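A.B. asks: protein.txt is reproduced in full below (compact mmCIF, C-alpha atoms (C1' of nucleotides)).
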```
# COMPACT_ATOMS: atom_id res chain seq x y z
CA MET A 1235 40.45 93.28 175.09
CA GLN A 1236 37.22 92.99 173.12
CA VAL A 1237 37.21 93.34 169.34
CA HIS A 1238 34.31 93.46 166.94
CA CYS A 1239 34.61 92.18 163.36
CA GLU A 1240 32.27 92.47 160.42
CA ALA A 1241 31.86 89.57 157.98
CA GLY A 1242 34.82 89.45 155.61
CA GLU A 1243 37.01 91.61 157.80
CA THR A 1244 40.65 90.58 158.22
CA VAL A 1245 41.82 90.04 161.81
CA PHE A 1246 45.49 89.64 160.90
CA ARG A 1247 47.58 88.90 157.84
CA SER A 1248 50.26 86.35 157.12
CA GLY A 1249 53.75 87.71 157.71
CA THR A 1250 52.82 90.36 160.27
CA PRO A 1251 54.30 90.06 163.78
CA THR A 1252 52.34 87.83 166.17
CA HIS A 1253 51.03 90.39 168.62
CA SER A 1254 48.07 88.40 169.96
CA ALA A 1255 46.05 85.22 170.24
CA PHE A 1256 42.25 85.39 170.06
CA TYR A 1257 39.15 83.83 171.56
CA VAL A 1258 35.87 83.71 169.62
CA GLU A 1259 32.95 84.83 171.80
CA SER A 1260 30.48 84.71 168.94
CA GLY A 1261 30.68 84.36 165.18
CA ALA A 1262 33.40 82.51 163.28
CA VAL A 1263 36.89 83.16 161.92
CA ARG A 1264 38.65 81.28 159.12
CA LEU A 1265 42.41 80.79 159.06
CA VAL A 1266 43.42 80.63 155.40
CA ARG A 1267 46.41 80.38 153.13
CA TYR A 1268 46.40 80.74 149.39
CA GLY A 1269 47.50 78.21 146.77
CA ARG A 1270 49.56 79.03 143.69
CA ALA A 1271 46.41 79.59 141.67
CA GLY A 1272 45.12 81.98 144.35
CA GLU A 1273 42.54 79.52 145.66
CA GLU A 1274 41.70 79.76 149.34
CA VAL A 1275 42.84 76.86 151.54
CA VAL A 1276 41.11 76.76 154.92
CA LEU A 1277 43.54 75.70 157.64
CA HIS A 1278 41.08 76.07 160.47
CA ASP A 1279 37.61 77.33 161.16
CA ALA A 1280 37.41 78.78 164.67
CA ARG A 1281 33.85 79.02 166.04
CA ALA A 1282 32.31 80.39 169.21
CA GLY A 1283 34.12 79.11 172.29
CA GLU A 1284 37.42 78.40 170.54
CA PHE A 1285 40.82 80.04 170.55
CA PHE A 1286 42.76 80.71 167.40
CA ALA A 1287 46.34 81.75 166.59
CA GLU A 1288 47.24 80.02 169.86
CA ALA A 1289 50.03 78.13 168.08
CA SER A 1290 51.51 81.30 166.61
CA LEU A 1291 52.45 82.61 170.03
CA ASP A 1292 55.98 81.27 170.04
CA SER A 1293 56.58 82.09 166.41
CA ALA A 1294 57.63 85.56 165.30
CA ARG A 1295 55.05 86.04 162.56
CA TYR A 1296 51.60 84.79 161.64
CA HIS A 1297 51.77 82.13 158.98
CA CYS A 1298 48.23 82.54 157.63
CA ASP A 1299 45.45 85.10 157.24
CA ALA A 1300 42.54 85.28 159.69
CA VAL A 1301 39.25 86.38 158.16
CA ALA A 1302 35.89 86.68 159.92
CA SER A 1303 33.32 84.58 158.04
CA GLU A 1304 30.48 86.30 159.90
CA ALA A 1305 30.10 89.31 162.18
CA SER A 1306 32.02 88.22 165.29
CA GLU A 1307 32.93 89.27 168.80
CA LEU A 1308 36.51 88.38 169.69
CA LEU A 1309 38.64 88.61 172.78
CA GLN A 1310 42.19 89.62 172.01
CA PHE A 1311 45.04 88.43 174.25
CA PRO A 1312 48.37 90.20 173.72
CA ALA A 1313 51.23 87.73 173.37
CA THR A 1314 53.21 89.32 176.20
CA ALA A 1315 50.30 88.97 178.65
CA LEU A 1316 49.78 85.35 177.67
CA ARG A 1317 53.45 84.50 178.02
CA GLN A 1318 53.46 86.06 181.43
CA LEU A 1319 50.33 84.16 182.45
CA LEU A 1320 51.97 80.94 181.27
CA ASP A 1321 54.97 81.64 183.46
CA THR A 1322 53.14 82.71 186.58
CA ASP A 1323 49.79 80.95 186.66
CA ARG A 1324 50.32 77.22 187.04
CA ASP A 1325 46.66 76.40 186.52
CA PHE A 1326 46.44 78.52 183.40
CA ALA A 1327 49.54 76.78 182.03
CA ARG A 1328 47.92 73.40 182.65
CA GLN A 1329 44.77 74.52 180.82
CA TRP A 1330 46.85 75.88 177.96
CA VAL A 1331 48.75 72.62 177.51
CA GLY A 1332 45.43 70.79 177.49
CA LEU A 1333 44.06 73.19 174.90
CA LEU A 1334 47.03 72.73 172.58
CA ALA A 1335 46.89 68.95 172.95
CA ARG A 1336 43.17 68.90 172.13
CA GLN A 1337 43.71 71.05 169.05
CA LEU A 1338 46.55 68.78 167.98
CA ARG A 1339 44.34 65.71 168.22
CA ALA A 1340 41.57 67.50 166.30
CA VAL A 1341 43.90 68.46 163.46
CA ARG A 1342 45.35 64.94 163.32
CA THR A 1343 41.81 63.66 162.94
CA ARG A 1344 41.37 66.03 160.04
CA VAL A 1345 44.59 64.74 158.48
CA GLU A 1346 43.21 61.24 158.81
CA ARG A 1347 39.99 62.37 157.12
CA LEU A 1348 41.81 64.03 154.23
CA SER A 1349 43.89 60.89 153.74
CA LEU A 1350 40.76 58.94 152.85
CA LYS A 1351 40.42 58.80 149.10
CA SER A 1352 36.68 58.64 148.53
CA ALA A 1353 34.14 61.37 149.20
CA SER A 1354 31.72 59.03 150.96
CA GLU A 1355 34.43 57.75 153.31
CA ARG A 1356 35.26 61.34 154.24
CA VAL A 1357 31.63 62.09 155.01
CA ARG A 1358 31.33 58.92 157.14
CA HIS A 1359 34.54 59.81 158.95
CA PHE A 1360 33.23 63.32 159.56
CA LEU A 1361 30.06 61.92 161.13
CA VAL A 1362 31.91 59.35 163.21
CA SER A 1363 34.45 61.80 164.60
CA GLU A 1364 32.34 64.96 164.94
CA GLY A 1365 28.89 63.47 165.56
CA ARG A 1366 27.09 63.12 168.88
CA GLY A 1367 25.03 60.21 170.11
CA PRO A 1368 24.49 56.71 168.73
CA ARG A 1369 23.58 58.02 165.26
CA CYS A 1370 26.50 60.46 165.12
CA GLU A 1371 24.26 63.46 164.67
CA VAL A 1372 25.93 66.66 163.47
CA LYS A 1373 24.51 70.15 163.09
CA VAL A 1374 26.66 71.47 160.24
CA GLN A 1375 28.28 74.81 161.13
CA GLY A 1376 28.32 77.37 158.34
CA THR A 1377 27.24 76.39 154.83
CA PHE A 1378 27.59 73.08 153.02
CA LYS A 1379 30.09 74.84 150.79
CA ASP A 1380 32.22 75.47 153.87
CA LEU A 1381 31.87 71.85 154.92
CA ALA A 1382 32.89 70.73 151.43
CA ARG A 1383 36.09 72.76 151.62
CA SER A 1384 36.93 71.41 155.06
CA LEU A 1385 36.49 67.90 153.63
CA GLY A 1386 38.78 68.71 150.71
CA LEU A 1387 35.96 68.37 148.17
CA THR A 1388 34.15 70.69 145.78
CA HIS A 1389 30.64 71.58 146.90
CA GLU A 1390 29.17 69.73 143.91
CA ALA A 1391 30.93 66.52 144.94
CA LEU A 1392 29.66 66.90 148.51
CA TYR A 1393 26.03 67.49 147.45
CA ARG A 1394 26.15 64.47 145.18
CA THR A 1395 27.75 62.30 147.85
CA LEU A 1396 25.17 63.32 150.45
CA ALA A 1397 22.35 62.65 147.97
CA THR A 1398 23.77 59.21 147.13
CA LEU A 1399 24.30 58.23 150.79
CA GLU A 1400 20.76 59.34 151.58
CA ARG A 1401 19.36 57.41 148.62
CA GLU A 1402 21.28 54.34 149.77
CA GLY A 1403 19.77 54.71 153.25
CA VAL A 1404 23.14 55.26 154.93
CA ILE A 1405 22.45 58.75 156.29
CA GLU A 1406 19.54 61.10 156.95
CA ARG A 1407 19.41 64.81 156.37
CA ASP A 1408 17.18 67.45 158.04
CA GLY A 1409 18.31 70.82 156.78
CA MET A 1410 21.74 71.33 158.31
CA VAL A 1411 21.52 68.23 160.51
CA LEU A 1412 23.18 65.02 159.36
CA ARG A 1413 23.09 61.60 161.01
CA PHE A 1414 23.39 57.93 160.20
CA ALA A 1415 20.09 56.30 159.29
CA GLY A 1416 18.65 54.23 162.13
CA MET B 694 63.31 54.81 180.66
CA GLN B 695 64.95 53.37 177.55
CA VAL B 696 63.05 51.00 175.26
CA HIS B 697 64.23 49.09 172.23
CA CYS B 698 61.89 48.23 169.35
CA GLU B 699 62.36 45.97 166.36
CA ALA B 700 60.91 46.94 162.98
CA GLY B 701 57.18 46.24 162.92
CA GLU B 702 56.88 46.06 166.69
CA THR B 703 53.89 47.76 168.30
CA VAL B 704 54.70 50.38 170.95
CA PHE B 705 51.10 50.86 172.06
CA ARG B 706 47.63 50.15 170.75
CA SER B 707 44.57 52.31 170.26
CA GLY B 708 42.18 52.14 173.22
CA THR B 709 44.77 51.21 175.85
CA PRO B 710 45.33 53.65 178.75
CA THR B 711 47.82 56.44 178.05
CA HIS B 712 50.64 55.44 180.36
CA SER B 713 53.47 57.29 178.62
CA ALA B 714 54.74 59.69 176.00
CA PHE B 715 57.86 58.78 173.99
CA TYR B 716 60.95 60.34 172.48
CA VAL B 717 62.67 58.81 169.44
CA GLU B 718 66.43 58.57 169.96
CA SER B 719 66.97 56.66 166.73
CA GLY B 720 64.77 54.93 164.21
CA ALA B 721 61.19 55.87 163.35
CA VAL B 722 57.69 55.20 164.66
CA ARG B 723 54.43 55.53 162.73
CA LEU B 724 51.18 56.55 164.37
CA VAL B 725 48.41 54.84 162.43
CA ARG B 726 44.68 54.30 162.36
CA TYR B 727 42.80 51.95 160.11
CA GLY B 728 40.08 52.76 157.56
CA ARG B 729 36.91 50.73 157.09
CA ALA B 730 38.60 48.62 154.43
CA GLY B 731 41.48 47.92 156.82
CA GLU B 732 43.88 50.21 154.98
CA GLU B 733 46.52 51.91 157.10
CA VAL B 734 46.21 55.68 157.53
CA VAL B 735 49.40 57.33 158.78
CA LEU B 736 48.62 60.12 161.25
CA HIS B 737 52.20 60.94 162.01
CA ASP B 738 55.68 59.68 161.33
CA ALA B 739 57.93 60.38 164.32
CA ARG B 740 61.65 60.31 163.48
CA ALA B 741 64.85 60.67 165.50
CA GLY B 742 64.73 63.72 167.75
CA GLU B 743 60.94 63.92 167.95
CA PHE B 744 58.39 63.19 170.63
CA PHE B 745 55.23 61.24 169.95
CA ALA B 746 52.01 60.59 171.87
CA GLU B 747 52.66 63.94 173.52
CA ALA B 748 49.09 65.00 172.75
CA SER B 749 47.64 61.87 174.33
CA LEU B 750 48.85 62.86 177.77
CA ASP B 751 45.66 64.56 178.87
CA SER B 752 43.42 61.99 177.28
CA ALA B 753 42.55 58.74 179.02
CA ARG B 754 43.38 56.38 176.13
CA TYR B 755 45.55 56.28 173.06
CA HIS B 756 43.55 57.02 169.94
CA CYS B 757 45.87 55.35 167.45
CA ASP B 758 48.44 52.54 167.14
CA ALA B 759 52.17 53.24 167.33
CA VAL B 760 54.31 50.92 165.21
CA ALA B 761 58.08 51.07 164.77
CA SER B 762 58.87 51.28 161.04
CA GLU B 763 62.52 50.40 161.73
CA ALA B 764 64.54 49.15 164.66
CA SER B 765 64.37 52.06 167.09
CA GLU B 766 65.63 53.31 170.43
CA LEU B 767 62.95 55.13 172.39
CA LEU B 768 62.84 57.01 175.64
CA GLN B 769 59.65 56.38 177.56
CA PHE B 770 58.24 59.10 179.84
CA PRO B 771 55.49 57.93 182.19
CA ALA B 772 52.50 60.27 182.12
CA THR B 773 52.62 60.86 185.87
CA ALA B 774 56.24 61.97 185.74
CA LEU B 775 55.55 64.31 182.83
CA ARG B 776 52.54 65.83 184.53
CA GLN B 777 54.60 66.43 187.60
CA LEU B 778 57.41 68.00 185.58
CA LEU B 779 54.87 70.27 183.91
CA ASP B 780 53.62 71.43 187.28
CA THR B 781 56.98 71.95 188.95
CA ASP B 782 59.50 72.86 186.28
CA ARG B 783 58.61 76.20 184.74
CA ASP B 784 61.25 75.93 182.04
CA PHE B 785 60.14 72.46 181.06
CA ALA B 786 56.55 73.68 180.83
CA ARG B 787 57.65 76.49 178.54
CA GLN B 788 59.50 74.02 176.31
CA TRP B 789 56.53 71.71 176.28
CA VAL B 790 54.14 74.46 175.19
CA GLY B 791 56.58 75.37 172.43
CA LEU B 792 56.78 71.73 171.35
CA LEU B 793 53.02 71.36 171.13
CA ALA B 794 52.68 74.64 169.23
CA ARG B 795 55.34 73.57 166.73
CA GLN B 796 53.65 70.21 166.19
CA LEU B 797 50.34 71.98 165.71
CA ARG B 798 51.78 74.24 163.03
CA ALA B 799 53.39 71.26 161.31
CA VAL B 800 50.13 69.31 161.21
CA ARG B 801 48.24 72.35 159.93
CA THR B 802 50.78 72.59 157.14
CA ARG B 803 50.03 68.98 156.31
CA VAL B 804 46.30 69.75 156.25
CA GLU B 805 47.05 72.54 153.82
CA ARG B 806 49.04 70.12 151.66
CA LEU B 807 46.31 67.49 151.65
CA SER B 808 43.78 70.17 150.68
CA LEU B 809 45.61 70.71 147.39
CA LYS B 810 43.89 68.71 144.70
CA SER B 811 46.69 67.84 142.29
CA ALA B 812 49.61 65.52 142.93
CA SER B 813 52.19 67.94 141.52
CA GLU B 814 50.94 70.78 143.75
CA ARG B 815 51.32 68.52 146.78
CA VAL B 816 54.89 67.67 145.80
CA ARG B 817 55.72 71.37 145.26
CA HIS B 818 54.14 72.22 148.62
CA PHE B 819 56.13 69.46 150.27
CA LEU B 820 59.37 70.87 148.87
CA VAL B 821 58.50 74.46 149.76
CA SER B 822 57.50 73.68 153.34
CA GLU B 823 59.98 70.92 154.22
CA GLY B 824 62.93 71.84 151.99
CA ARG B 825 66.13 73.60 153.03
CA GLY B 826 68.02 76.27 151.15
CA PRO B 827 67.15 78.26 148.02
CA ARG B 828 66.30 75.12 146.02
CA CYS B 829 64.17 73.60 148.80
CA GLU B 830 66.33 70.50 149.01
CA VAL B 831 64.83 67.54 150.86
CA LYS B 832 66.37 64.23 151.83
CA VAL B 833 63.32 61.97 151.82
CA GLN B 834 62.99 60.06 155.09
CA GLY B 835 61.92 56.46 154.73
CA THR B 836 60.82 55.10 151.37
CA PHE B 837 59.01 56.85 148.53
CA LYS B 838 56.04 54.69 149.37
CA ASP B 839 55.99 56.27 152.82
CA LEU B 840 56.24 59.72 151.28
CA ALA B 841 53.38 58.89 148.92
CA ARG B 842 51.16 57.94 151.83
CA SER B 843 52.02 61.09 153.75
CA LEU B 844 51.06 63.09 150.64
CA GLY B 845 47.76 61.22 150.38
CA LEU B 846 48.71 59.59 147.08
CA THR B 847 49.35 56.07 145.88
CA HIS B 848 53.02 55.29 145.31
CA GLU B 849 52.37 54.87 141.60
CA ALA B 850 50.90 58.37 141.35
CA LEU B 851 53.89 59.79 143.23
CA TYR B 852 56.46 58.05 140.97
CA ARG B 853 54.68 59.30 137.87
CA THR B 854 54.37 62.84 139.24
CA LEU B 855 58.07 62.95 140.16
CA ALA B 856 59.01 61.61 136.72
CA THR B 857 56.83 64.21 135.01
CA LEU B 858 58.13 67.11 137.11
CA GLU B 859 61.69 65.99 136.41
CA ARG B 860 60.98 65.68 132.68
CA GLU B 861 59.49 69.19 132.70
CA GLY B 862 62.62 70.51 134.39
CA VAL B 863 60.79 71.61 137.53
CA ILE B 864 62.66 69.40 140.00
CA GLU B 865 65.81 67.29 140.22
CA ARG B 866 66.23 63.92 141.84
CA ASP B 867 69.39 62.29 143.23
CA GLY B 868 68.35 59.06 144.87
CA MET B 869 66.39 60.11 147.94
CA VAL B 870 67.22 63.82 147.54
CA LEU B 871 64.69 66.10 145.85
CA ARG B 872 65.06 69.78 145.00
CA PHE B 873 63.78 72.39 142.58
CA ALA B 874 65.81 72.59 139.36
CA GLY B 875 68.14 75.58 139.28
C1' DC C 1218 70.21 31.86 145.67
C1' DG C 1219 65.45 32.47 146.63
C1' DT C 1220 62.24 35.60 148.42
C1' DC C 1221 60.24 39.85 149.67
C1' DG C 1222 59.31 44.54 149.28
C1' DC C 1223 60.53 48.84 146.88
C1' DA C 1224 60.84 51.16 142.44
C1' DT C 1225 59.06 51.88 137.97
C1' DT C 1226 56.09 51.92 134.02
C1' DG C 1227 51.82 50.42 131.23
C1' DA C 1228 46.72 49.90 130.60
C1' DT C 1229 42.27 50.74 132.11
C1' DA C 1230 38.41 52.23 135.11
C1' DT C 1231 36.46 55.43 137.98
C1' DC C 1232 35.68 59.19 140.77
C1' DG C 1233 35.69 63.85 141.42
C1' DC C 1234 36.68 68.34 139.10
C1' DT C 1235 35.05 71.69 135.78
C1' DC C 1236 31.67 74.11 133.36
C1' DA C 1237 26.81 74.96 133.04
C1' DA C 1238 22.20 75.85 134.28
C1' DA C 1239 18.02 76.09 137.17
C1' DT C 1240 15.98 76.89 141.72
C1' DC C 1241 15.74 78.57 146.26
C1' DC C 1242 16.33 81.79 149.94
C1' DG C 1243 17.50 85.82 152.67
C1' DG C 1244 18.35 90.40 152.48
C1' DT C 1245 17.95 95.07 150.39
C1' DG C 1246 16.05 98.99 148.31
C1' DG C 1247 12.31 101.21 146.09
C1' DC D 145 4.87 94.87 149.96
C1' DC D 146 7.30 93.39 146.20
C1' DA D 147 10.96 93.10 142.76
C1' DC D 148 15.58 92.29 142.55
C1' DC D 149 20.18 90.47 143.63
C1' DG D 150 23.80 87.57 145.21
C1' DG D 151 25.11 83.45 147.13
C1' DA D 152 23.84 78.73 148.42
C1' DT D 153 21.88 74.61 146.72
C1' DT D 154 21.09 71.10 143.43
C1' DT D 155 21.54 68.36 139.27
C1' DG D 156 23.52 67.36 134.44
C1' DA D 157 27.32 66.28 131.06
C1' DG D 158 31.99 65.47 129.91
C1' DC D 159 36.80 65.16 130.83
C1' DG D 160 40.92 64.37 133.07
C1' DA D 161 43.63 62.99 136.90
C1' DT D 162 44.41 59.50 139.95
C1' DA D 163 43.27 54.87 141.69
C1' DT D 164 43.60 50.18 140.51
C1' DC D 165 45.44 46.16 138.48
C1' DA D 166 49.40 44.20 136.32
C1' DA D 167 54.07 43.23 135.09
C1' DT D 168 59.08 43.70 135.54
C1' DG D 169 63.53 44.84 137.48
C1' DC D 170 66.27 45.46 141.38
C1' DG D 171 68.56 45.30 145.85
C1' DA D 172 68.57 43.58 150.58
C1' DC D 173 68.59 40.03 153.56
C1' DG D 174 68.29 35.52 155.31
```
Taking this structure as input, can you express it in the form of structure tokens?
C.D. replies:
Amino acid sequence: MQVHCEAGETVFRSGTPTHSAFYVESGAVRLVRYGRAGEEVVLHDARAGEFFAEASLDSARYHCDAVASEASELLQFPATALRQLLDTDRDFARQWVGLLARQLRAVRTRVERLSLKSASERVRHFLVSEGRGPRCEVKVQGTFKDLARSLGLTHEALYRTLATLEREGVIERDGMVLRFAG
Amino acid sequence: MQVHCEAGETVFRSGTPTHSAFYVESGAVRLVRYGRAGEEVVLHDARAGEFFAEASLDSARYHCDAVASEASELLQFPATALRQLLDTDRDFARQWVGLLARQLRAVRTRVERLSLKSASERVRHFLVSEGRGPRCEVKVQGTFKDLARSLGLTHEALYRTLATLEREGVIERDGMVLRFAG
DNA sequence: CGTCGCATTGATATCGCTCAAATCCGGTGG
DNA sequence: CCACCGGATTTGAGCGATATCAATGCGACG
């Protein structure tokens, strides 16, 4: 079932029953919880080509909010249909297990990144683990502010760190593209 | 297949082919990677009753080291056997999907925790999400040093934060048991 | 009984957070 | 077409929390 979302629109809220998982055809959706001071904590940033809420399927209620960060086209998969597919379609089940395992590895990598204590180490780790090619080139998705939050930094700290690393000749920056200096 | 490990023994190393997943019957196993300065980063701490390396199954090589933190009894499941089980045993496949989804939620919770910027907020979050009962009681597994690392703090910072929270009457401490003050 | 690692606390340095301000850029409405 | 507006970007100054280094006590284990 296709769903359209405007930027800022809520797809589902924490605490409501888990009726569906979703696939992002285009756009982007943030999964967020809120800290005691009301600050937004981004659990995951699902972009085009990714599923989200796939881990909520076997839990009774969503445990975070899903908010579209841009106008997005989503595919909605009712939980019942997915569970049935899992039981009947062997190949789909195989794919699904692979999907969950890949997500798990990705989130573990993010845990590793957040365990690093310095901003520059986090940026290096981001390039090493997300970058493509020998120079670990990355086209940053969303804004640098978004990237800062996903690195567990304030945007000011990220800008300063990028500027310092560039000045030191460690990385290069072309607009939203980052890579290690050759 | 049953395997015995002494404390400090390596179960598998990063980069070697993924021959097996494991189940911890007793003891504990740390999944670790190493930062540029050689410091240990703990990706996961598998304790009695948990699987580990379950996400490596559909990847060609392990992406971290597994080290027993105490003498442990493990059950080893060869990848081929598991893949076959997944394909033939519908109920096992269902369980496996549930297991992966639960792990995914747990790791996301840890990401949320590491995104909090103050030590006391991380401790509170730890109690809220891992604690049992109305006071969020937790029996800390392993040493406080281990806990500190899993919270992304130095052990000194953790000791000081616990002391402060106790002094402020926010939490209580009985040896390895932590809970919110009544 | 010596040694090793955890637990605990002190002193100091440093890095990143906070507040602040200026610029840029895309979009919007007149 | 242009002025305006909001949010992203960028840099500065200062402060505070946490890392780091250091020292001590303590219990476990050989």
A.B. asks: Pick out the residues sitting within 12 Å of range 813-815 of chain B, and hand them over as a JSON list (two decimals) with C-alpha atoms (C1' of nucleotides), in the coordinates of the input; count all atoms listed in the file, and ignore anything fewer than 4 positions along from it in its own chain.
C.D. replies:
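Saved the output as out.json:
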```
[["chain", "number", "residue", "atom", "x", "y", "z"],
["A", 1269, "GLY", "CA", 47.50, 78.21, 146.77],
["A", 1270, "ARG", "CA", 49.56, 79.03, 143.69],
["A", 1271, "ALA", "CA", 46.41, 79.59, 141.67],
["B", 802, "THR", "CA", 50.78, 72.59, 157.14],
["B", 803, "ARG", "CA", 50.03, 68.98, 156.31],
["B", 804, "VAL", "CA", 46.30, 69.75, 156.25],
["B", 805, "GLU", "CA", 47.05, 72.54, 153.82],
["B", 806, "ARG", "CA", 49.04, 70.12, 151.66],
["B", 807, "LEU", "CA", 46.31, 67.49, 151.65],
["B", 808, "SER", "CA", 43.78, 70.17, 150.68],
["B", 809, "LEU", "CA", 45.61, 70.71, 147.39],
["B", 819, "PHE", "CA", 56.13, 69.46, 150.27],
["B", 820, "LEU", "CA", 59.37, 70.87, 148.87],
["B", 821, "VAL", "CA", 58.50, 74.46, 149.76],
["B", 822, "SER", "CA", 57.50, 73.68, 153.34],
["B", 823, "GLU", "CA", 59.98, 70.92, 154.22],
["B", 840, "LEU", "CA", 56.24, 59.72, 151.28],
["B", 841, "ALA", "CA", 53.38, 58.89, 148.92],
["B", 842, "ARG", "CA", 51.16, 57.94, 151.83],
["B", 843, "SER", "CA", 52.02, 61.09, 153.75],
["B", 844, "LEU", "CA", 51.06, 63.09, 150.64],
["B", 845, "GLY", "CA", 47.76, 61.22, 150.38],
["B", 846, "LEU", "CA", 48.71, 59.59, 147.08],
["B", 850, "ALA", "CA", 50.90, 58.37, 141.35],
["B", 851, "LEU", "CA", 53.89, 59.79, 143.23],
["B", 852, "TYR", "CA", 56.46, 58.05, 140.97],
["B", 853, "ARG", "CA", 54.68, 59.30, 137.87],
["B", 854, "THR", "CA", 54.37, 62.84, 139.24],
["B", 855, "LEU", "CA", 58.07, 62.95, 140.16],
["B", 856, "ALA", "CA", 59.01, 61.61, 136.72],
["B", 857, "THR", "CA", 56.83, 64.21, 135.01],
["B", 858, "LEU", "CA", 58.13, 67.11, 137.11],
["B", 859, "GLU", "CA", 61.69, 65.99, 136.41],
["B", 861, "GLU", "CA", 59.49, 69.19, 132.70],
["B", 863, "VAL", "CA", 60.79, 71.61, 137.53],
["B", 864, "ILE", "CA", 62.66, 69.40, 140.00],
["D", 161, "DA", "C1'", 43.63, 62.99, 136.90],
["D", 162, "DT", "C1'", 44.41, 59.50, 139.95]]
```
A.B. asks: Excluding same-chain residues fewer than 2 positions from DC1223 in chain C, what lies within 10 Å of it counting all atoms listed in the file, as a PDB file with C-alpha atoms (C1' of nucleotides), in the coordinates of the input?
C.D. replies:
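Okay, this is what ended up in part_32.pdb:
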```pdb
ATOM      1  CA  THR B 836      60.820  55.100 151.370  1.00  0.00           C
ATOM      2  CA  PHE B 837      59.010  56.850 148.530  1.00  0.00           C
ATOM      3  CA  LYS B 838      56.040  54.690 149.370  1.00  0.00           C
TER       4      LYS B 838
ATOM      5  C1'  DC C1221      60.240  39.850 149.670  1.00  0.00           C
ATOM      6  C1'  DT C1225      59.060  51.880 137.970  1.00  0.00           C
TER       7       DT C1225
ATOM      8  C1'  DC D 170      66.270  45.460 141.380  1.00  0.00           C
ATOM      9  C1'  DG D 171      68.560  45.300 145.850  1.00  0.00           C
TER      10       DG D 171
END
```
A.B. asks: Find the nearest atom pair between each residue of chain A and chain B for residues within 7 Å, count only C-alpha atoms, give distances in Å to one decimal, sort rows by chain and ascending number, and present the table as CSV.
C.D. replies:
```
residue,atom,partner,partner_atom,distance
A:Val1275,CA,B:Glu805,CA,6.4
A:Leu1277,CA,B:Glu805,CA,6.1
A:Ala1289,CA,B:Ala794,CA,4.5
A:Asp1292,CA,B:Gly791,CA,6.4
A:Asp1321,CA,B:Arg783,CA,6.7
A:Arg1324,CA,B:Asp780,CA,6.7
A:Val1331,CA,B:Val790,CA,6.1
A:Gly1332,CA,B:Asp751,CA,6.4
A:Leu1334,CA,B:Leu793,CA,6.3
A:Ala1335,CA,B:Ala748,CA,4.5
A:Leu1338,CA,B:Leu797,CA,5.5
A:Arg1339,CA,B:Ala748,CA,6.6
A:Val1341,CA,B:Val800,CA,6.7
A:Arg1342,CA,B:Leu736,CA,6.2
A:Val1345,CA,B:Val804,CA,5.7
A:Glu1346,CA,B:Leu736,CA,6.0
A:Leu1348,CA,B:Leu807,CA,6.2
A:Ser1349,CA,B:Gly845,CA,5.1
A:Gly1386,CA,B:Ser808,CA,5.2
```
A.B. asks: Restrict the distance test to all atoms listed in the file, flag each residue of chain C within 8 Å of chain A, and return the flagged residues as a PyMOL selection string.
C.D. replies: chain C and resi 1232-1234
A.B. asks: Restricting the calculation to only C-alpha atoms (C1' of nucleotides), which member of B:His848, B:Gly826, B:Arg860, B:Glu865 is positioned closest to chain D?
C.D. replies: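 When distances to chain D are compared using only C-alpha atoms (C1' of nucleotides), the smallest one comes from B:His848.
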A.B. asks: Set up a box along x, y and z of the file covering all listed atoms of range 1268-1272 of chain A, add 6 Å on every one of the six sides, and write the centre and edge lengths in Å to one decimal, as lines of an AutoDock Vina configuration file.
C.D. replies:
```
center_x = 47.3
center_y = 80.1
center_z = 145.5
size_x = 16.4
size_y = 15.8
size_z = 19.7
```
A.B. asks: Rounded to one decimal, what separation in Å do you get between CA of Gly1416 in chain A and CA of Arg1369 in chain A?
C.D. replies: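 Taking CA of Gly1416 in chain A as the start and CA of Arg1369 in chain A as the end point, the length is 7.0 Å.
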A.B. asks: Would you kindly report the residues of chain D within 9 Å of chain A, using only C-alpha atoms (C1' of nucleotides), as JSON, numbers by chain?
C.D. replies: {"D": [152, 153, 154, 155, 163]}
A.B. asks: Check the smallest atom-to-atom distance from each of D:DG174, D:DG160, D:DG169, D:DG151 to DT1231 in chain C using all atoms listed in the file, then report the winner.
C.D. replies: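 Smallest separation from DT1231 in chain C among the options: D:DG160.
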A.B. asks: To one decimal place in Å, what is the distance between CA of Val1263 in chain A and CA of Gly1365 in chain A?
C.D. replies: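 Distance reported for this atom pair: 21.6 Å.
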